[in-house]
There are 2 protein chains.
Amino acid sequence: MRHPLRILKSLFLHRPTANPQRRGVCGAGMRLVQFHRHGEGGGIRVGVEQGEGLSVVDLKAFEPSMPSTMRELLELGDKGLECAQRALSSGQCVVERSDITLLSPVLAPEKVVCVGMNYRDHCLEQNAPIPKEPIIFSKFPSAITGPYDDIILPAESQEVDWEVELAFVIGRRGKHIKAEDALSYVAGFSVANDVSARDWQMKRNGKQWLLGKTFDSFCPLGPALVTTDAVRGESGREAGRGRDRKWKLKAV
Amino acid sequence: MRHPLRILKSLFLHRPTANPQRRGVCGAGMRLVQFHRHGEGGGIRVGVEQGEGLSVVDLKAFEPSMPSTMRELLELGDKGLECAQRALSSGQCVVERSDITLLSPVLAPEKVVCVGMNYRDHCLEQNAPIPKEPIIFSKFPSAITGPYDDIILPAESQEVDWEVELAFVIGRRGKHIKAEDALSYVAGFSVANDVSARDWQMKRNGKQWLLGKTFDSFCPLGPALVTTDAVRGESGREAGRGRDRKWKLKAV
């Protein structure tokens, strides 16, 4: 009954990276994660999955000069990604999945920008007209929760719903960006769950969607941030089309 | 033609302060500001105005252990405010207005939460029904600009409008807060300009207000954050009513 109908992007970095054409730098996509190790006080670490659901290379253990968070890693640009690639190739500093908890790959982004009614099926499902241009709404960053954390059902809502979404993590600032350049601003992709309190979204709050979309835990994210190198062929073009529309609209 | 019709609050601090009943700690309201001194590379400083439009006491110059930003100052709770009061009383470390540029008193808050259609006059002006409960919308923190900075008129809009607003700066986290306790969560008040691209707000983007409200520079803020001690009598109660409504609604 729910469809992956929207694209959610998170804009969270300030500094431009040295090389705008990051795609292809590392040759293959990596699955970057944030985690904490059990019994070590819960400090955030950044790592690279050896494969989906497999063990994780602890990046800072491999190279102590590397940062502990994804945001700081991405701020390093190619230097950070190249180090992550070396760490992955080394096969060293591996931690078992059973020893860690995976967190959201992005914490406290500046913005969580979402595109509503982005797919025909979802409009038909909701008996809503198919919009002529994307509908932009947002969640507060405080709604983000880890990929395996519980979603808190708020007592204030009787109609909590969910949709799987493709999330873009934006790696550097931009404005009035050409469609053909858009992908160079994307650090990677992840999976989001767009949880909604439909009663608050559609019937209350003057039909502004914000409140219904942004209860605590209403934006599970992750587990991995997959770097753009992983996107090839049709799926890449699909993703590109969705994002390009947003960039034009989001000229703010 | 524009009225101060909404209340805008910014939630931007993580840590609870030691004393939830901060009001009255310093005895009188202070006008806290952020500024940079001309010719010193533009670093942010936090200060206390000697009076509206008068010179500013540089807090860090008075007490080097004090932070350089408002957010860090407020995170110190009463300790920070008491030091600011001592700095103000000392009459030392004064910088002239002509030597500084005042910035927004808050930069990069976690949230900018706004209440729409909050006053009867504005609803009548816009031929809109008077809502039965507050309508919550948001601006991105990136829309915040300094009190004397230019507002950038976006080429994408032909209908830029503005409204003066009372802004609440929230000093600590809370949820499901009783109305009578709400003021203890407020660090202070400021003046905001809620700039709107009415065409984007009311006619485009599926009537979601976000895009029309959040173009760059659409949230001038400041100059001063006036601590809650300054609020007495009727105006304080008025402010309280508006905020209390929001707290109940914003139970997310």
# chains A, B, ... in the order shown; residues from 1 in each chain; ligands from 1

call {"tool": "residues_around", "arguments": {"residues": "Trp209 (chain A)", "least_positions_apart": "3", "cutoff": "12 Å", "atoms": "only C-alpha atoms", "output": "ChimeraX atom specification"}}
result
/A:114-116,135-140,195-206,212-215 /B:135-138,205-210

call {"tool": "select_by_dssp", "arguments": {"residues": "region 50-156 of chain A", "states": "strand (DSSP E)", "output": "list in words"}}
result
Val56, Val57, Asp58, Val94, Val95, Ile100, Thr101, Leu102, Leu103, Lys111, Val112, Val113, Cys114, Val115, Gly116, Ile135, Ile136, Phe137, Ser138, Lys139, Ile144 and Thr145 of chain A

call {"tool": "write_last_selection", "arguments": {"atoms": "C-alpha atoms", "output": "compact mmCIF listing (two decimals), in the first residue's frame"}}
result
# COMPACT_ATOMS: atom_id res chain seq x y z
CA VAL A 56 32.62 -2.85 9.14
CA VAL A 57 36.11 -1.35 8.87
CA ASP A 58 36.64 1.24 11.61
CA VAL A 94 37.39 -4.94 11.08
CA VAL A 95 34.62 -4.92 13.69
CA ILE A 100 28.28 -2.51 16.98
CA THR A 101 25.04 -0.62 16.53
CA LEU A 102 24.60 1.15 13.21
CA LEU A 103 23.39 4.73 13.47
CA LYS A 111 18.18 20.71 6.12
CA VAL A 112 15.98 17.76 5.34
CA VAL A 113 14.28 18.67 2.07
CA CYS A 114 11.62 16.34 0.69
CA VAL A 115 9.70 16.08 -2.54
CA GLY A 116 6.05 15.15 -2.17
CA ILE A 135 5.96 19.82 -3.96
CA ILE A 136 8.72 20.63 -1.50
CA PHE A 137 8.27 20.10 2.21
CA SER A 138 10.65 19.46 5.08
CA LYS A 139 11.21 17.51 8.24
CA ILE A 144 16.11 11.60 12.08
CA THR A 145 16.61 8.30 13.84

call {"tool": "atom_distance", "arguments": {"atom1": "CA of Ala224 (chain A)", "atom2": "CA of Arg31 (chain A)"}}
result
5.3 Å

call {"tool": "closest_residue", "arguments": {"among": "B:Leu183, B:Val33, B:Leu124, B:Leu221", "to": "Leu166 (chain B)", "atoms": "only C-alpha atoms"}}
result
B:Leu221

call {"tool": "closest_residue", "arguments": {"among": "A:Ser217, A:Gly51, A:Ile44, A:Leu59", "to": "Val160 (chain A)", "atoms": "only C-alpha atoms"}}
result
A:Ser217

call {"tool": "atom_distance", "arguments": {"atom1": "CA of Ala28 (chain B)", "atom2": "CA of Thr227 (chain B)"}}
result
8.2 Å

call {"tool": "select_by_dssp", "arguments": {"residues": "region 21-188 of chain A", "states": "alpha helix (DSSP H)", "output": "JSON, numbers by chain"}}
result
{"A": [59, 60, 61, 62, 70, 71, 72, 73, 74, 75, 78, 79, 80, 81, 82, 83, 84, 85, 86, 87, 88, 89, 90, 120, 121, 122, 123, 124, 125]}
